[in-house]
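Student: Following this line is start.txt, made up of compact mmCIF, C-alpha atoms and all ligand atoms:
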```txt
# COMPACT_ATOMS: atom_id res chain seq x y z
CA MET A 894 -17.20 -10.75 20.73
CA THR A 895 -13.59 -10.13 19.76
CA LEU A 896 -11.48 -7.85 21.90
CA PRO A 897 -10.18 -4.54 20.54
CA LEU A 898 -6.89 -4.85 18.68
CA ILE A 899 -4.15 -3.11 20.62
CA TYR A 900 -2.66 -1.56 17.43
CA ASP A 901 -5.94 0.28 16.89
CA LEU A 902 -5.18 2.54 19.84
CA ASN A 903 -2.88 5.51 19.93
CA GLN A 904 -0.60 6.30 22.82
CA SER A 905 -2.97 8.64 24.62
CA GLU A 906 -5.85 6.16 24.35
CA LEU A 907 -3.66 3.47 25.89
CA ALA A 908 -2.53 5.94 28.55
CA GLU A 909 -6.14 6.64 29.45
CA ILE A 910 -6.92 2.96 29.89
CA LEU A 911 -3.80 2.29 31.93
CA ALA A 912 -4.53 5.32 34.08
CA SER A 913 -8.02 3.98 34.76
CA TRP A 914 -6.31 0.84 36.04
CA GLY A 915 -4.16 2.98 38.34
CA GLU A 916 -0.95 2.39 36.36
CA SER A 917 1.77 5.03 36.08
CA THR A 918 2.64 6.80 32.81
CA PHE A 919 5.94 4.95 32.88
CA ARG A 920 4.02 1.73 32.16
CA VAL A 921 2.47 3.31 29.07
CA LYS A 922 5.91 4.01 27.72
CA GLN A 923 7.02 0.46 28.39
CA LEU A 924 3.94 -0.92 26.66
CA TRP A 925 4.39 1.39 23.66
CA GLN A 926 8.05 0.52 23.29
CA GLY A 927 7.32 -3.17 23.67
CA LEU A 928 4.80 -2.97 20.82
CA TYR A 929 6.63 -0.68 18.43
CA LEU A 930 10.33 -1.02 19.27
CA GLN A 931 10.72 -4.56 20.59
CA LEU A 932 7.94 -5.67 18.24
CA TRP A 933 6.45 -7.93 20.89
CA ASN A 934 3.07 -9.33 19.98
CA SER A 935 2.10 -11.33 23.01
CA PRO A 936 1.56 -10.14 26.58
CA ASP A 937 3.96 -12.78 28.01
CA GLN A 938 6.84 -11.09 26.20
CA PHE A 939 6.39 -7.98 28.34
CA THR A 940 8.49 -9.39 31.17
CA ASN A 941 9.30 -5.83 32.27
CA LEU A 942 5.67 -5.41 33.32
CA PRO A 943 4.15 -6.90 36.47
CA ALA A 944 2.32 -10.18 35.89
CA SER A 945 -0.97 -8.64 37.00
CA LEU A 946 -0.74 -5.96 34.32
CA ARG A 947 0.19 -8.51 31.68
CA GLN A 948 -2.86 -10.50 32.65
CA LYS A 949 -5.08 -7.43 32.37
CA LEU A 950 -3.67 -6.58 28.95
CA GLU A 951 -4.33 -10.12 27.81
CA GLU A 952 -7.94 -9.95 28.98
CA THR A 953 -8.53 -6.54 27.45
CA PHE A 954 -6.80 -6.55 24.07
CA LEU A 955 -6.14 -8.66 21.07
CA PHE A 956 -2.41 -8.62 20.30
CA THR A 957 -2.79 -10.06 16.84
CA ALA A 958 -5.63 -9.90 14.33
CA LEU A 959 -3.74 -11.44 11.42
CA GLN A 960 -3.46 -15.20 11.07
CA PRO A 961 -0.97 -16.19 8.37
CA GLU A 962 -2.69 -18.84 6.28
CA THR A 963 -0.50 -19.29 3.23
CA ILE A 964 3.10 -18.17 2.87
CA LEU A 965 4.67 -18.36 -0.57
CA SER A 966 8.26 -17.61 -1.58
CA SER A 967 9.37 -16.94 -5.13
CA HIS A 968 11.96 -19.29 -6.67
CA ASP A 969 14.77 -16.89 -5.93
CA GLY A 970 13.47 -16.39 -2.38
CA GLU A 971 13.46 -12.64 -2.85
CA THR A 972 9.70 -12.20 -2.76
CA VAL A 973 7.52 -13.53 0.04
CA LYS A 974 3.79 -13.26 0.01
CA THR A 975 1.53 -13.95 2.96
CA LEU A 976 -2.20 -14.49 2.84
CA PHE A 977 -3.69 -13.61 6.22
CA ARG A 978 -7.12 -14.23 7.64
CA LEU A 979 -8.55 -11.44 9.74
CA THR A 980 -10.60 -12.23 12.85
CA ASP A 981 -13.77 -12.32 10.72
CA ALA A 982 -12.06 -14.67 8.21
CA GLN A 983 -11.66 -12.01 5.50
CA PRO A 984 -8.51 -12.62 3.41
CA ILE A 985 -5.84 -9.99 2.88
CA GLU A 986 -2.34 -10.12 1.46
CA ALA A 987 0.97 -8.47 2.16
CA VAL A 988 4.15 -8.97 0.16
CA LEU A 989 7.83 -8.50 0.98
CA MET A 990 10.15 -7.77 -1.94
CA ARG A 991 13.90 -7.88 -1.49
CA TYR A 992 15.81 -6.01 -4.15
CA GLU A 993 19.44 -5.12 -3.64
CA ARG A 994 19.44 -3.29 -0.32
CA ARG A 995 15.76 -2.52 -0.36
CA ARG A 996 13.23 -4.41 1.71
CA THR A 997 9.92 -3.17 0.40
CA LEU A 998 6.57 -4.19 1.82
CA CYS A 999 3.36 -3.99 -0.15
CA ILE A 1000 0.40 -3.77 2.23
CA SER A 1001 -3.39 -3.85 1.99
CA THR A 1002 -5.93 -1.31 3.24
CA GLN A 1003 -9.18 -3.12 2.46
CA ALA A 1004 -10.43 -6.68 2.12
CA GLY A 1005 -11.47 -6.65 -1.52
CA CYS A 1006 -12.08 -3.37 -3.33
CA ALA A 1007 -15.10 -1.42 -4.53
CA MET A 1008 -13.43 0.20 -7.55
CA GLY A 1009 -13.91 -2.68 -9.98
CA CYS A 1010 -10.89 -2.18 -12.25
CA VAL A 1011 -11.42 -4.96 -14.78
CA PHE A 1012 -7.82 -6.21 -14.86
CA CYS A 1013 -7.41 -6.45 -11.07
CA ALA A 1014 -7.87 -9.63 -9.06
CA THR A 1015 -8.88 -7.64 -5.96
CA GLY A 1016 -11.42 -5.63 -7.94
CA GLN A 1017 -12.85 -8.91 -9.22
CA MET A 1018 -13.49 -10.00 -5.59
CA GLY A 1019 -15.68 -6.99 -4.87
CA PHE A 1020 -15.63 -4.98 -1.66
CA ARG A 1021 -15.70 -6.75 1.70
CA ARG A 1022 -14.70 -4.17 4.27
CA ASN A 1023 -12.22 -1.52 5.29
CA LEU A 1024 -9.26 -2.56 7.40
CA THR A 1025 -8.76 -0.79 10.70
CA SER A 1026 -5.58 1.20 11.27
CA GLY A 1027 -4.39 -1.60 13.57
CA GLU A 1028 -4.87 -4.24 10.87
CA ILE A 1029 -2.85 -2.09 8.45
CA ILE A 1030 -0.10 -1.54 11.03
CA GLU A 1031 0.09 -5.21 11.92
CA GLN A 1032 1.06 -6.18 8.36
CA VAL A 1033 4.16 -4.00 8.67
CA LEU A 1034 5.04 -5.24 12.15
CA TYR A 1035 4.64 -8.86 11.02
CA TYR A 1036 7.32 -8.50 8.34
CA ALA A 1037 9.48 -6.22 10.48
CA ARG A 1038 9.64 -9.04 13.03
CA ARG A 1039 10.56 -11.62 10.42
CA LEU A 1040 13.24 -9.39 8.93
CA ARG A 1041 14.69 -8.59 12.34
CA GLN A 1042 15.32 -12.29 12.93
CA GLN A 1043 17.61 -12.12 9.90
CA GLY A 1044 19.27 -8.90 11.05
CA GLU A 1045 17.38 -6.85 8.46
CA GLU A 1046 14.73 -4.18 8.46
CA VAL A 1047 11.93 -2.80 6.33
CA THR A 1048 13.21 0.06 4.16
CA ASN A 1049 10.05 1.03 2.24
CA VAL A 1050 6.31 0.50 2.47
CA VAL A 1051 4.07 0.76 -0.57
CA VAL A 1052 0.34 0.94 0.00
CA MET A 1053 -0.37 -1.00 -3.19
CA GLY A 1054 -1.82 -4.25 -1.91
CA MET A 1055 -5.52 -5.01 -1.78
CA GLY A 1056 -7.98 -2.16 -1.69
CA GLU A 1057 -8.12 1.54 -2.47
CA PRO A 1058 -6.29 3.44 0.30
CA PHE A 1059 -8.11 6.72 -0.39
CA HIS A 1060 -11.43 4.89 -0.01
CA ASN A 1061 -10.23 4.14 3.53
CA TYR A 1062 -8.44 7.45 3.95
CA ASP A 1063 -8.54 7.95 7.71
CA ALA A 1064 -7.46 4.47 8.79
CA THR A 1065 -4.66 4.48 6.21
CA LEU A 1066 -3.27 7.82 7.33
CA VAL A 1067 -3.67 6.98 11.02
CA ALA A 1068 -1.70 3.76 10.41
CA ILE A 1069 1.07 5.64 8.61
CA ASP A 1070 1.21 8.33 11.31
CA ARG A 1071 1.42 5.71 14.04
CA LEU A 1072 4.24 3.83 12.28
CA ASN A 1073 5.87 7.20 11.81
CA SER A 1074 5.81 8.09 15.50
CA ARG A 1075 9.26 8.95 16.79
CA ASP A 1076 9.08 7.16 20.11
CA GLY A 1077 7.78 4.03 18.41
CA PHE A 1078 8.44 2.38 15.07
CA ASN A 1079 9.83 5.67 13.75
CA PHE A 1080 9.43 4.87 10.05
CA GLY A 1081 9.95 8.03 8.00
CA ALA A 1082 7.00 9.39 6.00
CA ARG A 1083 9.16 9.62 2.87
CA ARG A 1084 9.57 5.87 2.92
CA PHE A 1085 5.83 5.34 2.36
CA THR A 1086 4.11 5.43 -1.02
CA ILE A 1087 0.33 5.51 -1.33
CA SER A 1088 -1.12 4.37 -4.64
CA THR A 1089 -4.58 5.56 -5.61
CA VAL A 1090 -6.94 4.67 -8.43
CA GLY A 1091 -7.55 8.41 -8.75
CA LEU A 1092 -10.17 9.58 -6.22
CA VAL A 1093 -9.97 13.27 -7.00
CA PRO A 1094 -11.36 14.79 -3.76
CA ALA A 1095 -9.00 12.61 -1.71
CA ILE A 1096 -6.01 13.63 -3.85
CA ARG A 1097 -6.91 17.28 -3.22
CA ARG A 1098 -7.26 16.64 0.50
CA PHE A 1099 -3.92 14.83 0.53
CA ALA A 1100 -2.32 17.73 -1.35
CA ALA A 1101 -3.67 20.23 1.19
CA GLU A 1102 -2.21 18.19 4.05
CA LYS A 1103 1.25 18.66 2.49
CA ARG A 1104 2.58 15.39 3.75
CA GLN A 1105 5.99 13.91 2.98
CA ILE A 1106 4.42 10.61 1.89
CA ASN A 1107 4.95 9.70 -1.79
CA LEU A 1108 1.94 9.54 -4.06
CA ALA A 1109 1.36 7.18 -6.98
CA VAL A 1110 -1.66 7.39 -9.28
CA SER A 1111 -2.85 4.47 -11.39
CA LEU A 1112 -3.48 5.80 -14.89
CA HIS A 1113 -3.35 2.88 -17.36
CA ALA A 1114 -4.97 4.86 -20.17
CA ALA A 1115 -4.62 8.33 -21.67
CA ASP A 1116 -8.12 8.88 -23.02
CA ASP A 1117 -11.41 8.75 -21.15
CA GLU A 1118 -13.03 6.13 -23.33
CA LEU A 1119 -10.29 3.58 -22.79
CA ARG A 1120 -9.75 4.46 -19.13
CA SER A 1121 -13.45 4.18 -18.33
CA SER A 1122 -13.54 0.75 -19.95
CA LEU A 1123 -10.68 -0.43 -17.71
CA MET A 1124 -11.44 1.59 -14.58
CA PRO A 1125 -15.07 2.47 -13.83
CA VAL A 1126 -13.93 5.23 -11.43
CA ASN A 1127 -12.96 7.24 -14.51
CA ARG A 1128 -16.64 7.92 -15.24
CA LYS A 1129 -16.85 9.84 -11.99
CA TYR A 1130 -13.40 11.41 -12.12
CA PRO A 1131 -12.31 11.71 -15.75
CA LEU A 1132 -8.74 12.38 -16.84
CA ASP A 1133 -8.96 16.19 -17.01
CA ASP A 1134 -10.15 16.35 -13.39
CA LEU A 1135 -7.61 13.76 -12.30
CA LEU A 1136 -4.67 15.52 -13.94
CA SER A 1137 -5.80 18.83 -12.52
CA ALA A 1138 -5.82 17.32 -8.99
CA CYS A 1139 -2.33 15.91 -9.68
CA HIS A 1140 -1.23 19.35 -10.79
CA GLU A 1141 -2.58 20.83 -7.58
CA TYR A 1142 -0.70 18.19 -5.57
CA ILE A 1143 2.56 19.13 -7.29
CA GLN A 1144 1.91 22.85 -6.78
CA GLN A 1145 1.11 22.38 -3.11
CA THR A 1146 3.88 19.98 -2.19
CA GLY A 1147 6.58 20.50 -4.82
CA ARG A 1148 6.77 16.72 -4.95
CA ARG A 1149 6.84 14.43 -7.95
CA ILE A 1150 3.97 12.04 -8.65
CA SER A 1151 4.42 8.48 -9.89
CA PHE A 1152 2.01 7.16 -12.46
CA GLU A 1153 1.35 3.47 -12.75
CA TRP A 1154 0.69 1.94 -16.14
CA ALA A 1155 0.05 -1.80 -16.52
CA LEU A 1156 0.98 -2.66 -20.10
CA ILE A 1157 -1.81 -4.66 -21.74
CA HIS A 1158 -1.08 -6.12 -25.16
CA GLY A 1159 -2.93 -4.31 -27.94
CA VAL A 1160 -5.03 -2.33 -25.44
CA ASN A 1161 -2.97 0.46 -23.90
CA ASP A 1162 0.52 -0.25 -25.26
CA THR A 1163 0.19 1.51 -28.61
CA PRO A 1164 2.45 4.39 -29.69
CA GLU A 1165 -0.72 6.49 -29.92
CA GLN A 1166 -1.47 5.95 -26.20
CA ALA A 1167 2.15 6.81 -25.36
CA ARG A 1168 1.87 10.08 -27.31
CA LYS A 1169 -1.48 10.95 -25.73
CA LEU A 1170 -0.03 10.25 -22.30
CA ALA A 1171 3.00 12.43 -22.95
CA GLU A 1172 0.70 15.20 -24.11
CA ARG A 1173 -1.50 15.00 -21.02
CA LEU A 1174 1.49 15.05 -18.69
CA GLN A 1175 2.71 18.35 -20.15
CA VAL A 1176 0.52 20.12 -17.57
CA LEU A 1177 2.86 18.83 -14.88
CA LYS A 1178 5.87 20.60 -16.35
CA ARG A 1179 7.70 23.06 -14.12
CA ASN A 1180 10.88 24.87 -15.11
CA GLY A 1181 11.46 22.50 -17.99
CA THR A 1182 11.05 19.24 -16.06
CA THR A 1183 7.94 17.14 -15.83
CA LEU A 1184 7.39 16.48 -12.13
CA CYS A 1185 6.35 12.88 -12.49
CA HIS A 1186 7.65 9.41 -13.16
CA VAL A 1187 5.77 6.84 -15.19
CA ASN A 1188 6.18 3.24 -14.01
CA LEU A 1189 5.39 0.74 -16.73
CA ILE A 1190 4.57 -2.76 -15.48
CA PRO A 1191 3.58 -5.68 -17.68
CA LEU A 1192 0.03 -6.82 -16.83
CA ASN A 1193 -0.20 -9.60 -14.25
CA PRO A 1194 -2.65 -12.35 -15.10
CA SER A 1195 -5.95 -12.36 -13.17
CA PRO A 1196 -8.82 -14.87 -13.30
CA HIS A 1197 -11.51 -12.79 -15.01
CA TYR A 1198 -9.55 -10.71 -17.46
CA ASN A 1199 -8.51 -12.33 -20.67
CA GLN A 1200 -5.95 -9.91 -22.05
CA GLN A 1201 -2.21 -10.55 -22.07
CA ALA A 1202 0.81 -8.59 -20.91
CA SER A 1203 2.60 -6.63 -23.62
CA THR A 1204 5.54 -8.31 -25.25
CA GLY A 1205 9.01 -7.03 -24.36
CA VAL A 1206 9.34 -5.40 -27.79
CA ARG A 1207 6.09 -3.44 -27.43
CA ALA A 1208 6.90 -2.47 -23.86
CA GLU A 1209 10.30 -1.10 -24.94
CA ALA A 1210 8.69 0.78 -27.81
CA PHE A 1211 6.19 2.39 -25.43
CA LEU A 1212 8.99 3.34 -23.06
CA ASN A 1213 11.02 4.87 -25.86
CA GLU A 1214 8.07 6.85 -27.15
CA LEU A 1215 7.58 8.40 -23.70
CA ARG A 1216 11.30 9.12 -23.43
CA ARG A 1217 11.28 10.80 -26.82
CA HIS A 1218 8.70 13.20 -25.40
CA GLY A 1219 10.82 13.88 -22.35
CA ILE A 1220 8.68 11.95 -19.86
CA PRO A 1221 10.70 10.37 -17.03
CA CYS A 1222 9.78 6.69 -17.02
CA SER A 1223 10.97 3.17 -16.39
CA LEU A 1224 9.94 -0.34 -17.24
CA ARG A 1225 9.70 -2.55 -14.19
CA ILE A 1226 10.30 -6.23 -14.33
CA ARG A 1227 7.68 -8.44 -12.76
CA ARG A 1228 8.76 -9.72 -9.39
CA GLY A 1229 7.23 -12.70 -7.71
CA ILE A 1230 5.21 -13.64 -10.77
CA ASP A 1231 5.61 -17.32 -9.83
CA ILE A 1232 3.86 -16.71 -6.50
CA GLN A 1233 1.07 -14.54 -7.87
CA ALA A 1234 2.45 -11.52 -6.08
CA GLY A 1235 0.12 -9.23 -8.01
CA CYS A 1236 -2.56 -7.37 -6.15
CA GLY A 1237 -5.19 -9.69 -4.68
CA GLN A 1238 -4.27 -12.67 -6.78
CA LEU A 1239 -3.92 -15.15 -3.96
CA ALA A 1240 -6.91 -14.04 -1.90
CA GLY A 1241 -9.14 -14.13 -4.97
CA GLN A 1242 -7.97 -17.60 -5.86
CA ASN A 1243 -8.59 -19.02 -2.38
CA GLU A 1244 -12.15 -17.81 -2.27
CA LYS A 1245 -14.75 -20.43 -1.55
CA VAL A 1246 -17.65 -18.67 -3.24
N1 LIG B 1 -6.11 0.69 -5.29
C1 LIG B 1 -4.86 1.30 -5.48
C2 LIG B 1 -3.71 0.51 -4.89
C3 LIG B 1 -3.78 -0.97 -5.00
S1 LIG B 1 -3.60 -1.61 -6.62
C4 LIG B 1 -4.64 1.57 -6.94
O1 LIG B 1 -5.41 1.08 -7.76
O2 LIG B 1 -3.72 2.31 -7.25
C5 LIG B 1 -1.84 -1.38 -6.89
C6 LIG B 1 -1.45 -1.26 -8.33
O3 LIG B 1 -1.58 -2.51 -9.00
C7 LIG B 1 -2.30 -0.26 -9.12
O4 LIG B 1 -1.47 0.54 -9.91
C8 LIG B 1 -3.15 -1.19 -9.96
O5 LIG B 1 -3.63 -0.53 -11.10
C9 LIG B 1 -2.16 -2.28 -10.26
N2 LIG B 1 -2.75 -3.54 -10.74
C10 LIG B 1 -3.91 -4.11 -10.38
N3 LIG B 1 -4.10 -5.26 -11.06
C11 LIG B 1 -3.03 -5.40 -11.88
C12 LIG B 1 -2.65 -6.37 -12.83
N4 LIG B 1 -3.42 -7.42 -13.10
N5 LIG B 1 -1.47 -6.21 -13.47
C13 LIG B 1 -0.67 -5.14 -13.22
N6 LIG B 1 -0.99 -4.18 -12.33
C14 LIG B 1 -2.16 -4.30 -11.67
FE1 LIG B 2 -9.11 -1.55 -6.41
FE2 LIG B 2 -6.65 -0.72 -7.07
FE3 LIG B 2 -7.60 -3.11 -7.85
FE4 LIG B 2 -8.61 -0.93 -8.93
S1 LIG B 2 -6.51 -1.65 -9.10
S2 LIG B 2 -9.80 -2.66 -8.20
S3 LIG B 2 -8.56 0.44 -7.19
S4 LIG B 2 -7.19 -2.47 -5.78
```
Please lay out the structure from this file as structure tokens.

Tutor:
Amino acid sequence: MTLPLIYDLNQSELAEILASWGESTFRVKQLWQGLYLQLWNSPDQFTNLPASLRQKLEETFLFTALQPETILSSHDGETVKTLFRLTDAQPIEAVLMRYERRRTLCISTQAGCAMGCVFCATGQMGFRRNLTSGEIIEQVLYYARRLRQQGEEVTNVVVMGMGEPFHNYDATLVAIDRLNSRDGFNFGARRFTISTVGLVPAIRRFAAEKRQINLAVSLHAADDELRSSLMPVNRKYPLDDLLSACHEYIQQTGRRISFEWALIHGVNDTPEQARKLAERLQVLKRNGTTLCHVNLIPLNPSPHYNQQASTGVRAEAFLNELRRHGIPCSLRIRRGIDIQAGCGQLAGQNEKV
């Protein structure tokens, strides 16, 4: 049986265990700071603790659940992708993107995904299991450690790797809260972005919690017929319901929403789709501004989806059509395309099924 992962425990849970061993609260603080400030991931690094306590920690907890299996760097070295194996051999991926002064991590919340979006390599793998909060946290600490060796630090975390974060709501939010804790990693909530496929009840719950975390919603189509053909979840939560939950989020939090749109040649990159999208987003208008931002991203290739990314000309035309309707938007360039940095591409490829 594998030991519990130490990052799965919060400070009071650790305190309880240490207290049961007769340790003082001071030791809890040292342990917490070792894990989340020094970023130590092995009991021998805790030289400030007595050897007997280190030994006990080693016997009781796992200090790492993520084994890096494949590490790929893009040609320019700015994007690094790591495929990890979890203790039960499930594959997950996390990506570091360097862009100007930003050091953005893209992390996973599930091994595989149950949502079945047809264009997505992770969706094509099917659902394996939810990650624990500790497994989510460890992806961030892994890269934070690497960056620290180069005198750098993580600036942003996007929950846009493998899996649907709102299908693993509690573990995802626990992980973010723990990384957010002031006496630990102290990573501000505003520097996180959660991307969801559009699970309406979870969006409403998230809105009610009024958190500072940024929200992105994957849209990819502006009518139900097309969206359902790309994203099966749309049959359960069609666009009217989704946009109404987004509206509620904006009302409750006063925050902007990002919408993700993967541009697929001849499928969702027509001027008609752009106009329909602009029309739908009118409901998010407040005092003359639409409280959203549409991110257009050319489709990444995936093994079981035969369509192509839009050409540059069509992508620009789509962008301009949205702009003409006053929708804030931008066209992102594909980063790390040479290392298959898209969601789930590496894990899917390495499958031995
Ligand atoms: N499950 C969440 C977050 C992970 S997917 C979600 O769906 O939002 C992160 C983003 O990558 C989503 O916007 C998703 O639609 C997008 N994506 C998935 N496969 C893609 C592909 N082949 N090309 C471009 N974007 C893709
Ligand atoms: Fe899951 Fe997101 Fe991929 Fe859809 S796009 S299958 S929700 S990971």

Student: Counting all atoms listed in the file, what are the residues of chain A within 6 Å of ligand LIG 1 (chain B), and for each of them which pair of atoms is the nearest and at what distance in Å, to one decimal? Sort the table by chain and rising number, as JSON lines.

Tutor:
```
{"residue": "A:Phe1012", "atom": "CA", "partner": "B:LIG1", "partner_atom": "N4", "distance": 4.9}
{"residue": "A:Cys1013", "atom": "CA", "partner": "B:LIG1", "partner_atom": "N3", "distance": 3.5}
{"residue": "A:Met1053", "atom": "CA", "partner": "B:LIG1", "partner_atom": "C3", "distance": 3.9}
{"residue": "A:Gly1054", "atom": "CA", "partner": "B:LIG1", "partner_atom": "C3", "distance": 4.9}
{"residue": "A:Met1055", "atom": "CA", "partner": "B:LIG1", "partner_atom": "C3", "distance": 5.5}
{"residue": "A:Gly1056", "atom": "CA", "partner": "B:LIG1", "partner_atom": "N1", "distance": 5.0}
{"residue": "A:Glu1057", "atom": "CA", "partner": "B:LIG1", "partner_atom": "N1", "distance": 3.6}
{"residue": "A:Ser1088", "atom": "CA", "partner": "B:LIG1", "partner_atom": "O2", "distance": 4.2}
{"residue": "A:Thr1089", "atom": "CA", "partner": "B:LIG1", "partner_atom": "O2", "distance": 3.7}
{"residue": "A:Val1090", "atom": "CA", "partner": "B:LIG1", "partner_atom": "O1", "distance": 4.0}
{"residue": "A:Val1110", "atom": "CA", "partner": "B:LIG1", "partner_atom": "O2", "distance": 5.8}
{"residue": "A:Ser1111", "atom": "CA", "partner": "B:LIG1", "partner_atom": "O4", "distance": 4.4}
{"residue": "A:Glu1153", "atom": "CA", "partner": "B:LIG1", "partner_atom": "O4", "distance": 5.0}
{"residue": "A:Ala1155", "atom": "CA", "partner": "B:LIG1", "partner_atom": "C13", "distance": 4.8}
{"residue": "A:Leu1192", "atom": "CA", "partner": "B:LIG1", "partner_atom": "N5", "distance": 3.7}
{"residue": "A:Asn1193", "atom": "CA", "partner": "B:LIG1", "partner_atom": "N5", "distance": 3.7}
{"residue": "A:Pro1194", "atom": "CA", "partner": "B:LIG1", "partner_atom": "N4", "distance": 5.4}
{"residue": "A:Ser1195", "atom": "CA", "partner": "B:LIG1", "partner_atom": "N4", "distance": 5.6}
{"residue": "A:Cys1236", "atom": "CA", "partner": "B:LIG1", "partner_atom": "C10", "distance": 5.5}
```

Student: Identify, on the basis of only C-alpha atoms, every residue whose closest approach to Ile985 of chain A does not exceed 8 Å; exclude the query and any residue fewer than 2 positions from it along the same chain; express the result as an MDAnalysis selection string.

Tutor: chainID A and resid 976:979 983 987 1001 1003:1005 1055 1237 1240

Student: What is the atom CA of Thr1015 of chain A to atom CA of His1197 of chain A distance in Å?

Tutor: 10.7 Å

Student: Any idea what's packed within 7 Å of Val1187 of chain A, counting only C-alpha atoms, ignoring anything in its chain fewer than 5 positions away? Could you give it as an MDAnalysis selection string?

Tutor: chainID A and resid 1151:1153 1221:1223

Student: Between A:Ser917, A:Thr957, A:Gln948, A:Gln1175, which is the closest to Asn934 of chain A once you count all atoms listed in the file?

Tutor: A:Thr957

Student: Rounded to one decimal, what separation in Å do you get between atom CA of Val1206 of chain A and atom CA of Leu1112 of chain A?

Tutor: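 If I compute the distance from atom CA of Val1206 of chain A to atom CA of Leu1112 of chain A, I get 21.4 Å.
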
Student: Quick one: pull the distance between atom CA of Ile1000 of chain A and atom CA of Val1052 of chain A, Å, one decimal.

Tutor: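 Between atom CA of Ile1000 of chain A and atom CA of Val1052 of chain A the gap works out to 5.2 Å.
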
Student: Just want the 10 Å neighbourhood of Asn1073 of chain A, counted on all atoms listed in the file, with same-chain residues fewer than 6 positions away dropped. Output as a list in words.

Tutor: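 Everything that qualifies: Val1067, Asn1079, Phe1080, Gly1081, Ala1082, Arg1083, Arg1084 and Phe1085 of chain A.
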
Student: Extract, using only C-alpha atoms, all DNA, RNA and protein residues at most 12 Å from Glu916 of chain A, discarding same-chain residues fewer than 5 positions from it, and format them as a PyMOL selection string.

Tutor: chain A and resi 907-911+921-924+942-943+945-947+949-950

Student: Of the candidates A:Ala1064, A:Leu989, A:Leu1189, A:Val973, which one gets nearest to Leu902 of chain A if we count all atoms listed in the file?

Tutor: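 Looking only at the distances to Leu902 of chain A, the closest residue turns out to be A:Ala1064.
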
Student: So that I can see what lies close to Arg991 of chain A, please list as a PyMOL selection string the residues with an atom at most 10 Å from it, counting only C-alpha atoms and leaving out residues fewer than 5 positions away in the same chain.

Tutor: chain A and resi 970-973+996-998+1047-1048+1228

Student: Out of A:Ser1203, A:Thr940, A:Thr1002, A:Ser1137, which residue has the shortest atom-to-atom distance to ligand LIG 2 (chain B) when counting all atoms listed in the file?

Tutor: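 Answer, going by the shortest atom-to-atom distance: A:Thr1002.
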